[in-house]
Amino acid sequence: MTTTVDLAALERELLADVDKAADLGALDAVRVAALGKKGRVSELMAKLGSLPADERKAFGASVNAVKTKVSDALDTRKIDLEKSALAARLANERSDVTLPVRPGPESLGRIHPVSQVLDEVIEIFADMGFKVAEGPDIETDEMNFGKLNIPAEHPARQEHDTFYFNPKPDGSRLLLRTHTSPVQIRTMVKQKPPIRIIAPGRVYRCDSDQTHTPMFHQIEGLVIDETTHMGHLKWVLEEMCKAFFEVDAVTMRFRSSHFPFTEPSMEIDIDKGALGKPGEWLEIGGCGMVHPNVLRNCGLDPEKYQGFAFGMGLDRMAMLKYGIPDLRPFFGGDLRWLRHYGFSILDQPTLGGGLSS
Ligand code: PHE
């Protein structure tokens with residue numbers, strides 16, 4: 001029977017299979033089919049025992065020769081395939097480390113002008129030794145009005161177009177704060193002078209047109225100690241405006257006014273000359289010396305302590321500095337507006353590096 005096996009043909013066939021194997025997986029399949037336990041060469045080997053003794057030796061040697069050839073061919077082919085697999089990976093997984101960096105979210109995102117102006121103003125006041133204080137948007141009547149020397153039925157309450165919540169069973173009503181001045185009270189009741197704070201935040205009034213929105217931003221300032229006077233107030237506001245508008249001088253005027261929580265009270269106007277429009281005045285906020293009643297309401301002795309407060313509109317300051325004509329789109333959420341008027345998040349305002357560079 002053995003003599004009927006054409007070893008030469010088997011060898012050709014197996015070597016051809018080795019050549020044809022396109023990848024390492026296919027090559028392994030060829031190896032198993034030829035040399036594996038049930039492979040064609042192995043099966044011939046297993047039959048050796050059943051051969052007559054005189055044929056066994058010669059046939060065994062021939063089968064072994066086939067086995068060696070196929071096995072060598074498998075080894076060579078394996079090295080070739082491994083090489084080309086590596087070459088393919090190297091070509092495929094190549095990355096060009098000299099390519100420019102693709103812009104990430106940090107260069108696409110924009111800082112809203114109000115946030116930018118807030119960062120700028122905080123930087124300026126921090127440099128003058130002010131700390132940032134905060135208070136809630138939902139306030140009590142007492143904090144927003146009462147403690148600020150605005151009793152019930154005071155006409156100033158009508159001017160504020162207040163958003164009220166429904167009255168509680170005891171008759172008291174919560175409201176959306178109409179100004180940041182309640183943070184003055186919150187600060188003075190918990191901290192003894194000297195006090196030097198700014199309090200930025202959202203405020204709400206039932207009002208809406210090109211320069212008024214129902215929610216807008218104010219920044220409150222409060223300085224209380226034993227000697228602070230109006231001269232200090234004027235100096236602080238002037239320094240703030242020069243730094244904010246990034247100019248060497250600003251012309252300001254204080255217009256006599258009335259707020260129940262300050263005495264005397266003034267409105268702060270700045271001449272738009274520094275912004276290229278001389279002779280035009282723009283009101284940016286109110287200020288004055290803290291009223292003795294307010295100090296008393298907070299448990300401070302007005303014979304001992306005195307100081308000033310001011311409140312300015314942040315959105316107004318942003319409109320003025322960055323030439324934004326309409327207030328309403330500030331809160332419209334239109335990305336095109338934000339891309340146009342917004343600031344790069346990588347440019348942090350610093351006094352040393354420039355506020356708005
Ligand atoms: N709270 C005042 C307003 O909203 C501004 C102000 C603050 C005036 C502090 C004087 C002192 O109009």
# chains A, B, ... in the order shown; residues from 1 in each chain; ligands from 1
call {"tool": "select_by_dssp", "arguments": {"residues": "segment 136-328 of chain A", "states": "strand (DSSP E)", "output": "ChimeraX atom specification"}}
result
/A:138-140,174-176,195-204,215-225,252-259,262-271,281-290,306-313
call {"tool": "residues_near_ligand", "arguments": {"ligand": "ligand 1", "cutoff": "7 Å", "atoms": "only C-alpha atoms and all ligand atoms", "output": "compact mmCIF listing (two decimals) with N, CA, C and O atoms, in the first residue's frame"}}
result
# COMPACT_ATOMS: atom_id res chain seq x y z
N THR A 178 -33.38 93.21 44.22
CA THR A 178 -33.43 94.24 43.18
C THR A 178 -32.09 94.95 43.04
O THR A 178 -31.90 95.76 42.15
N HIS A 179 -31.19 94.68 43.97
CA HIS A 179 -29.84 95.25 43.91
C HIS A 179 -28.91 94.38 44.75
O HIS A 179 -29.35 93.47 45.45
N THR A 180 -27.60 94.63 44.66
CA THR A 180 -26.65 93.83 45.45
C THR A 180 -26.44 94.42 46.83
O THR A 180 -25.68 93.87 47.64
N SER A 181 -27.14 95.52 47.15
CA SER A 181 -26.94 96.16 48.46
C SER A 181 -27.24 95.26 49.67
O SER A 181 -26.63 95.45 50.72
N GLU A 220 -21.36 95.59 43.90
CA GLU A 220 -21.50 96.44 45.08
C GLU A 220 -20.12 96.60 45.70
O GLU A 220 -19.29 95.70 45.63
N GLY A 221 -19.88 97.75 46.30
CA GLY A 221 -18.63 97.94 47.05
C GLY A 221 -18.97 98.46 48.43
O GLY A 221 -19.94 99.19 48.60
N PHE A 259 -30.36 107.99 47.89
CA PHE A 259 -30.63 106.58 48.20
C PHE A 259 -30.90 106.53 49.69
O PHE A 259 -30.18 107.19 50.46
N PHE A 261 -30.16 104.39 51.80
CA PHE A 261 -29.11 103.73 52.58
C PHE A 261 -27.78 104.46 52.57
O PHE A 261 -26.80 103.99 53.13
N THR A 262 -27.71 105.63 51.89
CA THR A 262 -26.49 106.43 51.94
C THR A 262 -26.85 107.89 52.21
O THR A 262 -27.93 108.36 51.84
N SER A 265 -25.76 111.05 49.12
CA SER A 265 -25.81 110.06 48.03
C SER A 265 -25.48 110.74 46.71
O SER A 265 -25.79 111.92 46.52
N GLY A 285 -23.44 104.24 37.96
CA GLY A 285 -23.88 103.67 39.23
C GLY A 285 -24.19 104.72 40.27
O GLY A 285 -24.18 105.92 39.98
N GLY A 286 -24.46 104.24 41.48
CA GLY A 286 -24.75 105.13 42.59
C GLY A 286 -23.77 104.88 43.72
O GLY A 286 -23.16 103.80 43.79
N CYS A 287 -23.64 105.87 44.59
CA CYS A 287 -22.72 105.69 45.72
C CYS A 287 -23.05 106.68 46.84
O CYS A 287 -23.94 107.51 46.69
N GLY A 288 -22.33 106.57 47.92
CA GLY A 288 -22.53 107.52 49.01
C GLY A 288 -21.90 107.00 50.29
O GLY A 288 -21.29 105.92 50.31
N ALA A 309 -20.28 103.22 50.28
CA ALA A 309 -20.77 102.08 49.48
C ALA A 309 -21.00 102.59 48.07
O ALA A 309 -21.23 103.78 47.86
N PHE A 310 -20.91 101.68 47.14
CA PHE A 310 -21.26 102.04 45.76
C PHE A 310 -21.87 100.82 45.08
O PHE A 310 -21.66 99.68 45.51
N GLY A 311 -22.63 101.08 44.03
CA GLY A 311 -23.20 99.98 43.24
C GLY A 311 -23.15 100.37 41.77
O GLY A 311 -23.54 101.48 41.41
N MET A 312 -22.62 99.47 40.96
CA MET A 312 -22.49 99.80 39.53
C MET A 312 -23.07 98.68 38.67
O MET A 312 -23.09 97.53 39.08
call {"tool": "residues_around", "arguments": {"residues": "Arg157 of chain A", "least_positions_apart": "4", "cutoff": "12 Å", "atoms": "only C-alpha atoms", "output": "list in words"}}
result
Asp141, Glu142, Asn144, Phe145, Gly146, Leu148, Asn149, Ile150, Pro151, Ala152, Glu153, Asp161, Thr162, Phe163, Tyr164, Arg177, Thr178, His179, Arg205, Phe259 and Pro260 of chain A
call {"tool": "write_last_selection", "arguments": {"atoms": "C-alpha atoms", "output": "tab-separated table (two decimals), in the first residue's frame"}}
result
chain	number	residue	atom	x	y	z
A	141	ASP	CA	-37.94	91.91	52.24
A	142	GLU	CA	-35.96	92.85	55.32
A	144	ASN	CA	-33.42	93.92	50.34
A	145	PHE	CA	-35.27	96.89	51.84
A	146	GLY	CA	-35.86	97.05	55.62
A	148	LEU	CA	-31.24	99.25	54.14
A	149	ASN	CA	-33.38	101.99	55.68
A	150	ILE	CA	-36.23	101.48	53.21
A	151	PRO	CA	-39.23	100.85	55.48
A	152	ALA	CA	-42.55	99.49	54.22
A	153	GLU	CA	-44.50	102.14	52.29
A	161	ASP	CA	-40.21	97.07	40.19
A	162	THR	CA	-39.73	94.10	42.46
A	163	PHE	CA	-40.48	90.47	41.58
A	164	TYR	CA	-42.21	89.05	44.68
A	177	ARG	CA	-33.15	90.96	45.05
A	178	THR	CA	-33.43	94.24	43.18
A	179	HIS	CA	-29.84	95.25	43.91
A	205	ARG	CA	-36.28	94.16	38.16
A	259	PHE	CA	-30.63	106.58	48.20
A	260	PRO	CA	-32.20	105.74	51.57
call {"tool": "residues_around", "arguments": {"residues": "Val18 of chain A", "least_positions_apart": "2", "cutoff": "10 Å", "atoms": "only C-alpha atoms", "output": "ChimeraX atom specification"}}
result
/A:12-16,20-22,26-31,34,70-71,73-78
call {"tool": "atom_distance", "arguments": {"atom1": "atom CA of Ala243 of chain A", "atom2": "atom CA of Phe331 of chain A"}}
result
26.4 Å
call {"tool": "residues_around", "arguments": {"residues": "Ile195 of chain A", "least_positions_apart": "6", "cutoff": "10 Å", "atoms": "only C-alpha atoms", "output": "ChimeraX atom specification"}}
result
/A:130-131,184,187-188,222-225,307
call {"tool": "closest_atom_pairs", "arguments": {"of": "segment 55-110 of chain A", "to": "segment 35-49 of chain A", "cutoff": "12 Å", "atoms": "only C-alpha atoms", "output": "JSON lines"}}
result
{"residue": "A:Glu55", "atom": "CA", "partner": "A:Leu48", "partner_atom": "CA", "distance": 9.0}
{"residue": "A:Arg56", "atom": "CA", "partner": "A:Leu48", "partner_atom": "CA", "distance": 6.0}
{"residue": "A:Lys57", "atom": "CA", "partner": "A:Leu48", "partner_atom": "CA", "distance": 8.7}
{"residue": "A:Ala58", "atom": "CA", "partner": "A:Leu48", "partner_atom": "CA", "distance": 10.3}
{"residue": "A:Phe59", "atom": "CA", "partner": "A:Leu48", "partner_atom": "CA", "distance": 7.8}
{"residue": "A:Gly60", "atom": "CA", "partner": "A:Leu48", "partner_atom": "CA", "distance": 6.7}
{"residue": "A:Ala61", "atom": "CA", "partner": "A:Met45", "partner_atom": "CA", "distance": 10.0}
{"residue": "A:Ser62", "atom": "CA", "partner": "A:Met45", "partner_atom": "CA", "distance": 10.2}
{"residue": "A:Val63", "atom": "CA", "partner": "A:Met45", "partner_atom": "CA", "distance": 7.0}
{"residue": "A:Asn64", "atom": "CA", "partner": "A:Met45", "partner_atom": "CA", "distance": 8.2}
{"residue": "A:Ala65", "atom": "CA", "partner": "A:Val41", "partner_atom": "CA", "distance": 10.4}
{"residue": "A:Val66", "atom": "CA", "partner": "A:Val41", "partner_atom": "CA", "distance": 7.8}
{"residue": "A:Lys67", "atom": "CA", "partner": "A:Val41", "partner_atom": "CA", "distance": 6.6}
{"residue": "A:Thr68", "atom": "CA", "partner": "A:Leu35", "partner_atom": "CA", "distance": 10.0}
{"residue": "A:Lys69", "atom": "CA", "partner": "A:Val41", "partner_atom": "CA", "distance": 11.3}
{"residue": "A:Val70", "atom": "CA", "partner": "A:Leu35", "partner_atom": "CA", "distance": 8.5}
{"residue": "A:Ser71", "atom": "CA", "partner": "A:Leu35", "partner_atom": "CA", "distance": 7.9}
{"residue": "A:Asp72", "atom": "CA", "partner": "A:Leu35", "partner_atom": "CA", "distance": 11.8}
{"residue": "A:Leu74", "atom": "CA", "partner": "A:Leu35", "partner_atom": "CA", "distance": 10.3}
call {"tool": "closest_residue", "arguments": {"among": "A:Pro100, A:Pro52, A:Gly201, A:Val290", "to": "Val132 of chain A", "atoms": "only C-alpha atoms"}}
result
A:Gly201
call {"tool": "atom_distance", "arguments": {"atom1": "atom CA of Ala8 of chain A", "atom2": "atom CA of Ala53 of chain A"}}
result
22.2 Å
call {"tool": "closest_atom_pairs", "arguments": {"of": "segment 114-223 of chain A", "to": "segment 318-325 of chain A", "cutoff": "10 Å", "atoms": "only C-alpha atoms", "output": "Markdown table"}}
result
| residue | atom | partner | partner_atom | distance |
| --- | --- | --- | --- | --- |
| A:Val114 | CA | A:Ala318 | CA | 6.3 |
| A:Ser115 | CA | A:Ala318 | CA | 9.4 |
| A:Gln116 | CA | A:Ala318 | CA | 8.4 |
| A:Val117 | CA | A:Ala318 | CA | 6.0 |
| A:Leu118 | CA | A:Ala318 | CA | 9.0 |
| A:Gln210 | CA | A:Pro325 | CA | 8.4 |
| A:Thr211 | CA | A:Pro325 | CA | 8.6 |
call {"tool": "residues_around", "arguments": {"residues": "Ala85 of chain A", "least_positions_apart": "5", "cutoff": "10 Å", "atoms": "only C-alpha atoms", "output": "PDB file with C-alpha atoms, in the first residue's frame"}}
result
ATOM      1  CA  ASP A  23      -1.170  35.434   6.695  1.00  0.00           C
ATOM      2  CA  LEU A  24       0.037  33.857   9.913  1.00  0.00           C
ATOM      3  CA  ILE A  79       9.448  34.779   9.213  1.00  0.00           C
ATOM      4  CA  ASP A  80       8.446  36.405   5.901  1.00  0.00           C
ATOM      5  CA  LEU A  90       4.352  50.417  10.766  1.00  0.00           C
ATOM      6  CA  ALA A  91       2.838  51.902   7.621  1.00  0.00           C
TER       7      ALA A  91
END
call {"tool": "atom_distance", "arguments": {"atom1": "atom CA of Thr140 of chain A", "atom2": "atom CA of Phe165 of chain A"}}
result
10.1 Å
call {"tool": "closest_residue", "arguments": {"among": "A:Asn293, A:Ser344, A:Ser95, A:Gln218", "to": "Asp315 of chain A", "atoms": "only C-alpha atoms"}}
result
A:Gln218
call {"tool": "residues_around", "arguments": {"residues": "Lys190 of chain A", "least_positions_apart": "3", "cutoff": "10 Å", "atoms": "only C-alpha atoms", "output": "PDB file with N, CA, C and O atoms, in the first residue's frame"}}
result
ATOM      1  N   ILE A 185     -25.474  94.422  54.057  1.00  0.00           N
ATOM      2  CA  ILE A 185     -26.045  94.054  55.361  1.00  0.00           C
ATOM      3  C   ILE A 185     -25.483  92.722  55.829  1.00  0.00           C
ATOM      4  O   ILE A 185     -24.991  92.587  56.950  1.00  0.00           O
ATOM      5  N   ARG A 186     -25.532  91.738  54.894  1.00  0.00           N
ATOM      6  CA  ARG A 186     -25.044  90.391  55.261  1.00  0.00           C
ATOM      7  C   ARG A 186     -23.597  90.442  55.726  1.00  0.00           C
ATOM      8  O   ARG A 186     -23.187  89.669  56.582  1.00  0.00           O
ATOM      9  N   THR A 187     -22.811  91.317  55.137  1.00  0.00           N
ATOM     10  CA  THR A 187     -21.402  91.408  55.520  1.00  0.00           C
ATOM     11  C   THR A 187     -21.262  92.080  56.893  1.00  0.00           C
ATOM     12  O   THR A 187     -20.536  91.596  57.763  1.00  0.00           O
ATOM     13  N   PRO A 193     -15.780  95.770  61.502  1.00  0.00           N
ATOM     14  CA  PRO A 193     -14.859  96.561  60.680  1.00  0.00           C
ATOM     15  C   PRO A 193     -13.414  96.365  61.175  1.00  0.00           C
ATOM     16  O   PRO A 193     -13.241  96.011  62.345  1.00  0.00           O
ATOM     17  N   CYS A 298     -27.202  97.107  61.603  1.00  0.00           N
ATOM     18  CA  CYS A 298     -26.280  95.963  61.556  1.00  0.00           C
ATOM     19  C   CYS A 298     -25.504  95.827  62.864  1.00  0.00           C
ATOM     20  O   CYS A 298     -24.528  95.055  62.933  1.00  0.00           O
ATOM     21  N   GLY A 299     -25.887  96.590  63.865  1.00  0.00           N
ATOM     22  CA  GLY A 299     -25.231  96.477  65.168  1.00  0.00           C
ATOM     23  C   GLY A 299     -23.905  97.222  65.241  1.00  0.00           C
ATOM     24  O   GLY A 299     -23.075  96.936  66.107  1.00  0.00           O
TER      25      GLY A 299
END
call {"tool": "decode", "arguments": {"residues": "segment 208-305 of chain A", "atoms": "C-alpha atoms", "output": "short mmCIF file (atom, residue, chain, number, x, y, z; two decimals), in the first residue's frame"}}
result
data_model
loop_
_atom_site.label_atom_id
_atom_site.label_comp_id
_atom_site.auth_asym_id
_atom_site.auth_seq_id
_atom_site.Cartn_x
_atom_site.Cartn_y
_atom_site.Cartn_z
CA SER A 208 -37.33 95.34 29.65
CA ASP A 209 -36.13 97.46 26.71
CA GLN A 210 -32.91 98.10 24.76
CA THR A 211 -30.93 99.02 27.89
CA HIS A 212 -32.94 97.14 30.55
CA THR A 213 -33.43 93.41 31.06
CA PRO A 214 -35.40 91.74 33.88
CA MET A 215 -32.12 90.24 35.13
CA PHE A 216 -28.86 92.13 35.06
CA HIS A 217 -25.60 92.34 36.96
CA GLN A 218 -24.36 94.74 39.58
CA ILE A 219 -21.20 95.07 41.58
CA GLU A 220 -21.50 96.44 45.08
CA GLY A 221 -18.63 97.94 47.05
CA LEU A 222 -18.45 98.55 50.79
CA VAL A 223 -15.71 100.03 52.94
CA ILE A 224 -16.28 100.51 56.68
CA ASP A 225 -13.73 101.58 59.28
CA GLU A 226 -13.26 104.57 61.57
CA THR A 227 -11.82 107.15 59.19
CA THR A 228 -12.89 106.43 55.60
CA HIS A 229 -14.41 109.50 53.94
CA MET A 230 -15.78 110.75 50.60
CA GLY A 231 -12.27 111.53 49.32
CA HIS A 232 -11.45 107.85 49.55
CA LEU A 233 -14.66 106.98 47.74
CA LYS A 234 -13.82 109.33 44.90
CA TRP A 235 -10.26 108.06 44.65
CA VAL A 236 -11.30 104.41 44.62
CA LEU A 237 -13.86 104.96 41.86
CA GLU A 238 -11.43 107.02 39.79
CA GLU A 239 -8.69 104.42 40.08
CA MET A 240 -11.19 101.73 39.22
CA CYS A 241 -12.35 103.57 36.09
CA LYS A 242 -8.82 104.35 34.89
CA ALA A 243 -7.77 100.73 35.31
CA PHE A 244 -11.00 99.39 33.84
CA PHE A 245 -11.03 101.58 30.73
CA GLU A 246 -7.25 101.18 30.47
CA VAL A 247 -6.63 104.94 30.18
CA ASP A 248 -4.38 107.37 32.08
CA ALA A 249 -7.16 109.73 33.11
CA VAL A 250 -10.94 109.79 33.29
CA THR A 251 -13.21 112.74 33.97
CA MET A 252 -15.91 111.83 36.43
CA ARG A 253 -18.68 113.75 38.04
CA PHE A 254 -20.74 113.03 41.11
CA ARG A 255 -24.30 114.14 40.77
CA SER A 256 -26.23 114.72 43.96
CA SER A 257 -28.89 112.05 44.33
CA HIS A 258 -30.84 110.11 46.91
CA PHE A 259 -30.63 106.58 48.20
CA PRO A 260 -32.20 105.74 51.57
CA PHE A 261 -29.11 103.73 52.58
CA THR A 262 -26.49 106.43 51.94
CA GLU A 263 -26.12 110.03 53.11
CA PRO A 264 -24.99 111.97 51.21
CA SER A 265 -25.81 110.06 48.03
CA MET A 266 -24.46 110.56 44.54
CA GLU A 267 -24.81 109.25 41.07
CA ILE A 268 -21.54 108.46 39.30
CA ASP A 269 -21.19 109.76 35.74
CA ILE A 270 -18.15 109.37 33.56
CA ASP A 271 -17.22 111.51 30.58
CA LYS A 272 -17.10 109.37 27.49
CA GLY A 273 -14.10 111.48 26.33
CA ALA A 274 -11.78 108.69 27.32
CA LEU A 275 -13.76 106.51 24.93
CA GLY A 276 -13.64 109.03 22.09
CA LYS A 277 -16.93 110.83 22.81
CA PRO A 278 -16.06 113.96 24.85
CA GLY A 279 -18.91 115.91 26.41
CA GLU A 280 -21.22 112.89 26.72
CA TRP A 281 -21.85 111.72 30.26
CA LEU A 282 -22.80 108.21 31.13
CA GLU A 283 -24.21 107.10 34.45
CA ILE A 284 -22.50 103.97 35.70
CA GLY A 285 -23.88 103.67 39.23
CA GLY A 286 -24.75 105.13 42.59
CA CYS A 287 -22.72 105.69 45.72
CA GLY A 288 -22.53 107.52 49.01
CA MET A 289 -21.54 107.39 52.67
CA VAL A 290 -23.29 104.55 54.47
CA HIS A 291 -26.33 105.91 56.34
CA PRO A 292 -26.04 105.86 60.16
CA ASN A 293 -29.35 103.95 60.32
CA VAL A 294 -27.90 101.17 58.18
CA LEU A 295 -24.84 100.88 60.43
CA ARG A 296 -27.14 100.80 63.45
CA ASN A 297 -29.37 98.14 61.83
CA CYS A 298 -26.28 95.96 61.56
CA GLY A 299 -25.23 96.48 65.17
CA LEU A 300 -22.44 98.96 64.38
CA ASP A 301 -22.08 102.22 66.33
CA PRO A 302 -22.35 105.12 63.83
CA GLU A 303 -20.46 107.33 66.30
CA LYS A 304 -17.49 105.04 65.87
CA TYR A 305 -17.71 103.61 62.37
#
